[in-house]
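Below: target20.csv (CSV, C-alpha atoms and all ligand atoms)
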chain,number,residue,atom,x,y,z
A,1,MET,CA,-8.6,-14.2,-89.3
A,2,ALA,CA,-6.9,-13.8,-86.0
A,3,GLU,CA,-7.3,-16.8,-83.7
A,4,LEU,CA,-9.5,-16.2,-80.8
A,5,GLN,CA,-7.4,-15.6,-77.6
A,6,LYS,CA,-7.5,-18.6,-75.4
A,7,ASP,CA,-9.0,-18.0,-71.9
A,8,PRO,CA,-6.0,-18.2,-69.5
A,9,ILE,CA,-8.2,-19.8,-66.7
A,10,THR,CA,-9.3,-23.3,-67.4
A,11,ARG,CA,-12.5,-24.9,-66.0
A,12,GLY,CA,-10.3,-27.0,-63.6
A,13,ASP,CA,-8.6,-23.8,-62.3
A,14,PHE,CA,-12.0,-22.1,-61.8
A,15,LEU,CA,-13.3,-25.1,-59.8
A,16,GLY,CA,-10.0,-25.2,-57.8
A,17,PHE,CA,-10.3,-21.4,-56.9
A,18,GLY,CA,-13.9,-22.0,-55.9
A,19,ILE,CA,-13.0,-24.8,-53.5
A,20,LEU,CA,-10.1,-22.9,-52.0
A,21,GLY,CA,-12.4,-19.9,-51.5
A,22,ALA,CA,-15.1,-22.0,-49.8
A,23,ILE,CA,-12.4,-23.5,-47.4
A,24,SER,CA,-11.0,-20.1,-46.5
A,25,GLY,CA,-14.5,-18.7,-45.9
A,26,ALA,CA,-15.3,-21.6,-43.6
A,27,ILE,CA,-12.1,-21.1,-41.6
A,28,LEU,CA,-12.8,-17.3,-41.3
A,29,THR,CA,-16.3,-18.0,-40.2
A,30,ILE,CA,-15.4,-20.3,-37.3
A,31,PRO,CA,-14.2,-17.7,-34.7
A,32,PRO,CA,-17.3,-15.4,-35.0
A,33,VAL,CA,-19.7,-18.3,-35.0
A,34,ALA,CA,-17.9,-19.8,-31.9
A,35,PHE,CA,-18.1,-16.4,-30.3
A,36,VAL,CA,-21.8,-16.1,-30.9
A,37,LEU,CA,-22.5,-19.7,-29.7
A,38,SER,CA,-20.0,-19.6,-26.8
A,39,PRO,CA,-22.8,-19.3,-24.2
A,40,VAL,CA,-24.3,-22.5,-25.4
A,41,ILE,CA,-21.1,-24.4,-25.9
A,42,LYS,CA,-20.6,-26.3,-22.7
A,43,THR,CA,-17.2,-27.1,-21.1
A,44,ASN,CA,-17.0,-29.4,-18.2
A,45,VAL,CA,-13.8,-27.8,-16.9
A,46,LEU,CA,-15.6,-24.7,-15.6
A,47,GLY,CA,-14.8,-23.7,-12.1
A,48,GLN,CA,-13.8,-20.6,-10.1
A,49,THR,CA,-10.9,-18.8,-8.7
A,50,ASP,CA,-11.2,-16.9,-5.4
A,51,ILE,CA,-8.6,-15.0,-3.4
A,52,ASP,CA,-8.3,-16.2,0.1
A,53,GLN,CA,-10.0,-14.0,2.6
A,54,GLY,CA,-7.6,-14.7,5.5
A,55,TRP,CA,-5.3,-12.2,7.2
A,56,GLN,CA,-2.0,-11.6,5.5
A,57,ARG,CA,1.0,-9.9,7.1
A,58,VAL,CA,2.1,-6.6,5.5
A,59,ALA,CA,4.6,-4.9,7.9
A,60,THR,CA,6.2,-5.4,11.2
A,61,ILE,CA,6.4,-2.8,14.0
A,62,LYS,CA,10.1,-2.3,12.9
A,63,ASP,CA,8.8,-1.4,9.4
A,64,LEU,CA,6.3,1.0,10.9
A,65,LYS,CA,8.9,2.6,13.1
A,66,GLU,CA,11.1,3.1,10.0
A,67,LEU,CA,8.2,4.6,8.0
A,68,LYS,CA,9.2,8.2,7.4
A,69,PRO,CA,6.3,10.7,7.9
A,70,GLY,CA,5.5,12.2,4.5
A,71,THR,CA,7.0,9.3,2.5
A,72,PRO,CA,5.1,6.2,1.6
A,73,ASP,CA,6.8,2.9,1.4
A,74,VAL,CA,5.8,-0.1,-0.7
A,75,PHE,CA,5.3,-3.6,0.7
A,76,GLU,CA,4.6,-6.9,-1.1
A,77,VAL,CA,1.8,-9.2,0.1
A,78,GLU,CA,1.0,-12.6,-1.4
A,79,PHE,CA,-2.6,-13.6,-1.2
A,80,PRO,CA,-3.2,-17.4,-1.6
A,81,ILE,CA,-5.6,-18.3,-4.4
A,82,GLU,CA,-8.3,-20.9,-4.1
A,83,GLN,CA,-9.3,-22.7,-7.2
A,84,VAL,CA,-12.2,-25.1,-7.7
A,85,TYR,CA,-13.0,-27.1,-10.8
A,86,SER,CA,-16.6,-28.2,-11.3
A,87,ASP,CA,-15.7,-31.4,-13.3
A,88,LYS,CA,-16.1,-34.5,-11.1
A,89,GLU,CA,-13.4,-36.4,-13.0
A,90,ILE,CA,-10.9,-33.6,-12.3
A,91,GLN,CA,-11.9,-33.4,-8.7
A,92,GLU,CA,-11.2,-37.1,-8.3
A,93,LYS,CA,-7.9,-37.0,-10.2
A,94,PHE,CA,-6.7,-33.9,-8.4
A,95,PRO,CA,-8.2,-33.7,-5.0
A,96,ASP,CA,-6.0,-30.7,-4.2
A,97,SER,CA,-7.8,-28.7,-6.8
A,98,GLN,CA,-10.6,-28.3,-4.2
A,99,LYS,CA,-8.4,-26.7,-1.7
A,100,SER,CA,-6.5,-23.5,-1.3
A,101,GLN,CA,-3.0,-24.1,-2.7
A,102,SER,CA,-0.2,-22.2,-0.9
A,103,ASP,CA,1.9,-22.2,-4.0
A,104,PHE,CA,-0.8,-20.4,-6.0
A,105,THR,CA,-0.7,-16.8,-5.0
A,106,VAL,CA,-1.4,-13.4,-6.4
A,107,ARG,CA,1.1,-10.7,-5.4
A,108,HIS,CA,0.0,-7.2,-4.4
A,109,ALA,CA,2.1,-4.1,-4.0
A,110,VAL,CA,0.7,-2.1,-1.1
A,111,TRP,CA,1.7,1.5,-0.3
A,112,ILE,CA,1.8,2.3,3.4
A,113,SER,CA,2.2,5.8,4.8
A,114,TRP,CA,1.1,7.9,7.8
A,115,LYS,CA,-2.0,10.0,7.0
A,116,ALA,CA,-1.2,13.7,6.4
A,117,PRO,CA,-3.3,16.8,6.0
A,118,VAL,CA,-3.4,17.8,2.3
A,119,LYS,CA,-5.1,20.4,0.1
A,120,GLN,CA,-8.7,19.8,-0.8
A,121,GLN,CA,-9.0,16.4,-2.6
A,122,GLY,CA,-11.0,15.6,-5.7
A,123,THR,CA,-10.2,18.8,-7.7
A,124,GLN,CA,-8.1,18.8,-10.8
A,125,GLY,CA,-4.9,20.5,-10.1
A,126,SER,CA,-5.5,20.7,-6.3
A,127,GLY,CA,-1.9,19.4,-5.9
A,128,GLY,CA,-0.7,16.8,-3.4
A,129,ASP,CA,1.0,19.3,-1.1
A,130,ILE,CA,1.2,18.2,2.5
A,131,LEU,CA,-0.1,21.1,4.7
A,132,GLY,CA,1.1,20.0,8.1
A,133,GLU,CA,3.0,17.2,9.9
A,134,PRO,CA,1.9,13.7,9.0
A,135,GLU,CA,0.3,12.1,12.0
A,136,LYS,CA,2.5,9.3,13.2
A,137,PRO,CA,1.3,8.1,16.7
A,138,ALA,CA,4.0,8.7,19.3
A,139,ILE,CA,3.4,5.2,20.8
A,140,VAL,CA,5.0,3.6,17.7
A,141,ASP,CA,8.4,4.8,18.8
A,142,GLN,CA,7.8,4.2,22.5
A,143,LYS,CA,7.0,0.5,22.4
A,144,SER,CA,7.9,-2.6,20.4
A,145,SER,CA,5.2,-5.0,21.5
A,146,GLY,CA,2.4,-5.3,24.0
A,147,PHE,CA,0.2,-2.7,22.3
A,148,THR,CA,-3.2,-2.3,23.9
A,149,GLN,CA,-6.3,-2.4,21.8
A,150,SER,CA,-6.7,1.4,21.9
A,151,GLU,CA,-3.0,1.9,20.9
A,152,ARG,CA,-3.5,-0.6,18.1
A,153,ASP,CA,-6.6,1.2,16.9
A,154,GLU,CA,-4.8,4.5,17.1
A,155,ILE,CA,-1.9,3.2,14.9
A,156,ARG,CA,-4.4,1.6,12.4
A,157,GLY,CA,-6.4,4.8,12.2
A,158,GLN,CA,-3.3,6.8,11.2
A,159,LEU,CA,-2.2,4.5,8.4
A,160,ASN,CA,-2.9,4.8,4.7
A,161,ILE,CA,-3.0,1.3,3.2
A,162,LEU,CA,-3.3,1.8,-0.6
A,163,SER,CA,-3.3,-0.5,-3.6
A,164,ASN,CA,-0.6,0.1,-6.1
A,165,SER,CA,-3.0,-0.3,-9.0
A,166,CYS,CA,-4.2,3.0,-10.5
A,167,ALA,CA,-7.9,3.6,-10.3
A,168,HIS,CA,-8.1,4.4,-14.0
A,169,LEU,CA,-6.9,1.2,-15.8
A,170,GLY,CA,-4.8,-0.5,-13.2
A,171,CYS,CA,-1.2,0.6,-14.1
A,172,PRO,CA,1.2,0.5,-11.1
A,173,VAL,CA,1.7,4.0,-9.6
A,174,ARG,CA,4.9,5.4,-8.2
A,175,TRP,CA,5.7,8.0,-5.5
A,176,PHE,CA,7.5,11.2,-6.5
A,177,PRO,CA,9.0,12.7,-3.3
A,178,ASP,CA,9.7,16.1,-4.8
A,179,LYS,CA,6.1,16.5,-6.0
A,180,HIS,CA,4.6,14.7,-2.9
A,181,GLU,CA,2.3,12.8,-5.3
A,182,PHE,CA,1.7,9.3,-6.7
A,183,LEU,CA,2.0,9.4,-10.4
A,184,CYS,CA,0.6,6.9,-12.8
A,185,PRO,CA,2.9,6.5,-15.8
A,186,CYS,CA,0.2,5.3,-18.2
A,187,HIS,CA,-2.0,8.3,-18.6
A,188,GLY,CA,-0.8,10.7,-15.9
A,189,GLY,CA,-3.1,10.0,-13.1
A,190,LEU,CA,-2.1,11.9,-9.9
A,191,TYR,CA,-2.9,11.2,-6.2
A,192,ASP,CA,-1.9,12.7,-2.9
A,193,ILE,CA,-0.2,10.8,-0.1
A,194,ASN,CA,-3.5,9.7,1.3
A,195,GLY,CA,-4.5,8.3,-2.1
A,196,GLY,CA,-6.9,11.2,-2.8
A,197,TYR,CA,-7.5,12.1,-6.4
A,198,VAL,CA,-5.4,15.1,-7.6
A,199,GLY,CA,-5.6,15.0,-11.4
A,200,GLY,CA,-5.7,13.1,-14.7
A,201,PRO,CA,-8.2,10.5,-15.9
A,202,PRO,CA,-8.8,8.3,-12.8
A,203,PRO,CA,-12.4,8.5,-11.8
A,204,ARG,CA,-11.6,8.3,-8.0
A,205,GLY,CA,-8.8,8.1,-5.5
A,206,MET,CA,-6.6,5.1,-5.0
A,207,TYR,CA,-8.1,1.9,-3.6
A,208,ASN,CA,-7.8,1.5,0.1
A,209,TYR,CA,-7.6,-1.9,1.8
A,210,THR,CA,-10.5,-1.6,4.2
A,211,GLN,CA,-9.9,-4.6,6.3
A,212,ALA,CA,-6.7,-4.0,8.3
A,213,GLU,CA,-5.6,-4.5,11.8
A,214,VAL,CA,-2.6,-4.0,14.0
A,215,ARG,CA,-1.8,-6.9,16.3
A,216,GLU,CA,-0.5,-6.9,19.9
A,217,ASP,CA,3.1,-7.1,18.6
A,218,GLY,CA,2.5,-4.1,16.3
A,219,THR,CA,2.4,-6.2,13.1
A,220,LEU,CA,0.0,-4.9,10.4
A,221,TYR,CA,-2.3,-7.4,8.7
A,222,ILE,CA,-4.7,-6.9,5.9
A,223,LYS,CA,-7.4,-8.9,4.1
A,224,HIS,CA,-8.0,-8.7,0.3
A,225,GLY,CA,-10.7,-6.2,-0.4
A,226,TYR,CA,-11.1,-2.5,-1.2
A,227,ASP,CA,-13.3,0.5,-0.5
A,228,ILE,CA,-15.8,0.3,-3.3
A,229,GLU,CA,-19.0,2.2,-2.5
A,230,PRO,CA,-22.1,3.2,-4.4
A,231,GLY,CA,-21.6,6.2,-6.7
A,232,LEU,CA,-18.2,7.4,-7.8
A,233,ASN,CA,-16.4,4.6,-5.9
A,234,LYS,CA,-18.3,1.7,-7.3
A,235,GLN,CA,-15.8,1.0,-10.1
A,236,GLN,CA,-14.0,-2.3,-9.5
A,237,PRO,CA,-10.2,-2.3,-9.7
A,238,TYR,CA,-8.7,-3.6,-13.0
A,239,VAL,CA,-6.2,-5.7,-11.1
A,240,VAL,CA,-7.4,-8.3,-8.6
B,1,LIG,FE1,-3.4,5.3,-14.5
B,1,LIG,FE2,-4.6,5.5,-16.8
B,1,LIG,S1,-4.0,3.7,-15.8
B,1,LIG,S2,-4.0,7.1,-15.4
How does the structure come out when it is put into structure tokens?
Ligand code: FES
Amino acid sequence: MAELQKDPITRGDFLGFGILGAISGAILTIPPVAFVLSPVIKTNVLGQTDIDQGWQRVATIKDLKELKPGTPDVFEVEFPIEQVYSDKEIQEKFPDSQKSQSDFTVRHAVWISWKAPVKQQGTQGSGGDILGEPEKPAIVDQKSSGFTQSERDEIRGQLNILSNSCAHLGCPVRWFPDKHEFLCPCHGGLYDINGGYVGGPPPRGMYNYTQAEVREDGTLYIKHGYDIEPGLNKQQPYVV
């Protein structure tokens, strides 16, 4: 009679596989469990990061004089970041963690241009064509300092001050002079020179810096913050 075939897996092997499986299962379970419990797992290092709300210089009067009507120019602004840790031990060890640190900054690219009349905004395919002369105030070329309040307001009122971050998912946009449009390379969002929506997936126009002022010497300053209004404009930018 043929000999019964021997089982290739011994009892020891079987137990070994079982233990290995249990360990693997436990390891795979940790991330989802930690995710579910994360609200109740406490860390004593929690704190917050805020962008400084002070005025930051963007462009000098020389820059504004050189700004060609119909062509936006990009400027870099560094906003200091304020970081605060809630843990007392960290606060004592690193007293500077309670203050704004000048070497911690977030860099923004800001598009500046003179406002220009364009085709109707907000319609897919409306195009970014400029319909008339961009409105650069004459006073910009007449003086280099000593601007009065009304001259400063006039200059400020004619400036587009736009975030470089696309209003769809935050990719950096670029200006295409031959098309007279900002184009987002990620999904094809289009905007006109004033930041108005022209086409593609963005739900709104480009973000404007709402707090801006021109000083007596013609220098342009801004604070961190955008035009976010109820309704269509309520979406927060994806990039701080
Ligand atoms: Fe610009 Fe999507 S991120 S179109």
Note to self: Quick check, in Å to one decimal: how far apart do CA of Gly170 (chain A) and CA of Pro185 (chain A) lie?
What the structure shows: 10.7 Å
Within 7 Å of ligand LIG 1 (chain B), which residues show up when you count all atoms listed in the file? List them as a PDB file with C-alpha atoms, in the coordinates of the input, please.
ATOM      1  CA  CYS A 166      -4.200   3.000 -10.500  1.00  0.00           C
ATOM      2  CA  ALA A 167      -7.900   3.600 -10.300  1.00  0.00           C
ATOM      3  CA  HIS A 168      -8.100   4.400 -14.000  1.00  0.00           C
ATOM      4  CA  LEU A 169      -6.900   1.200 -15.800  1.00  0.00           C
ATOM      5  CA  GLY A 170      -4.800  -0.500 -13.200  1.00  0.00           C
ATOM      6  CA  CYS A 171      -1.200   0.600 -14.100  1.00  0.00           C
ATOM      7  CA  CYS A 184       0.600   6.900 -12.800  1.00  0.00           C
ATOM      8  CA  PRO A 185       2.900   6.500 -15.800  1.00  0.00           C
ATOM      9  CA  CYS A 186       0.200   5.300 -18.200  1.00  0.00           C
ATOM     10  CA  HIS A 187      -2.000   8.300 -18.600  1.00  0.00           C
ATOM     11  CA  GLY A 188      -0.800  10.700 -15.900  1.00  0.00           C
ATOM     12  CA  GLY A 189      -3.100  10.000 -13.100  1.00  0.00           C
ATOM     13  CA  GLY A 200      -5.700  13.100 -14.700  1.00  0.00           C
ATOM     14  CA  PRO A 201      -8.200  10.500 -15.900  1.00  0.00           C
ATOM     15  CA  PRO A 202      -8.800   8.300 -12.800  1.00  0.00           C
TER      16      PRO A 202
END
Note to self: If we count only C-alpha atoms and set the cut-off at 8 Å, which residues sit around region 144-151 of chain A, ignoring sequence neighbours fewer than 3 positions away in its own chain? Please answer as a VMD selection string.
What the structure shows: chain A and resid 61 to 62 139 to 141 154 to 155 215 to 218
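Between CA of Ile193 (chain A) and CA of Ala116 (chain A) there is a distance of 7.2 Å.
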Item checked: Residue contacts of Val58 (chain A) (12 Å, all atoms listed in the file) excluding same-chain residues fewer than 4 positions away, as a ChimeraX atom specification -> /A:62-64,73-79,107-112,161-162,209,212-215,218-224
Could you turn the residues from that selection into a file that holds C-alpha atoms, as a PDB file, in the coordinates of the input?
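This is the output file result-v2.pdb:
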ATOM      1  CA  LYS A  62      10.100  -2.300  12.900  1.00  0.00           C
ATOM      2  CA  ASP A  63       8.800  -1.400   9.400  1.00  0.00           C
ATOM      3  CA  LEU A  64       6.300   1.000  10.900  1.00  0.00           C
ATOM      4  CA  ASP A  73       6.800   2.900   1.400  1.00  0.00           C
ATOM      5  CA  VAL A  74       5.800  -0.100  -0.700  1.00  0.00           C
ATOM      6  CA  PHE A  75       5.300  -3.600   0.700  1.00  0.00           C
ATOM      7  CA  GLU A  76       4.600  -6.900  -1.100  1.00  0.00           C
ATOM      8  CA  VAL A  77       1.800  -9.200   0.100  1.00  0.00           C
ATOM      9  CA  GLU A  78       1.000 -12.600  -1.400  1.00  0.00           C
ATOM     10  CA  PHE A  79      -2.600 -13.600  -1.200  1.00  0.00           C
ATOM     11  CA  ARG A 107       1.100 -10.700  -5.400  1.00  0.00           C
ATOM     12  CA  HIS A 108       0.000  -7.200  -4.400  1.00  0.00           C
ATOM     13  CA  ALA A 109       2.100  -4.100  -4.000  1.00  0.00           C
ATOM     14  CA  VAL A 110       0.700  -2.100  -1.100  1.00  0.00           C
ATOM     15  CA  TRP A 111       1.700   1.500  -0.300  1.00  0.00           C
ATOM     16  CA  ILE A 112       1.800   2.300   3.400  1.00  0.00           C
ATOM     17  CA  ILE A 161      -3.000   1.300   3.200  1.00  0.00           C
ATOM     18  CA  LEU A 162      -3.300   1.800  -0.600  1.00  0.00           C
ATOM     19  CA  TYR A 209      -7.600  -1.900   1.800  1.00  0.00           C
ATOM     20  CA  ALA A 212      -6.700  -4.000   8.300  1.00  0.00           C
ATOM     21  CA  GLU A 213      -5.600  -4.500  11.800  1.00  0.00           C
ATOM     22  CA  VAL A 214      -2.600  -4.000  14.000  1.00  0.00           C
ATOM     23  CA  ARG A 215      -1.800  -6.900  16.300  1.00  0.00           C
ATOM     24  CA  GLY A 218       2.500  -4.100  16.300  1.00  0.00           C
ATOM     25  CA  THR A 219       2.400  -6.200  13.100  1.00  0.00           C
ATOM     26  CA  LEU A 220       0.000  -4.900  10.400  1.00  0.00           C
ATOM     27  CA  TYR A 221      -2.300  -7.400   8.700  1.00  0.00           C
ATOM     28  CA  ILE A 222      -4.700  -6.900   5.900  1.00  0.00           C
ATOM     29  CA  LYS A 223      -7.400  -8.900   4.100  1.00  0.00           C
ATOM     30  CA  HIS A 224      -8.000  -8.700   0.300  1.00  0.00           C
TER      31      HIS A 224
END
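Straight-line separation from CA of Gln211 (chain A) to CA of Gly195 (chain A): 16.3 Å.
Closest to Pro172 (chain A) among A:Leu190, A:Ile23, A:Thr105, A:Glu66 is A:Leu190, based on all atoms listed in the file.
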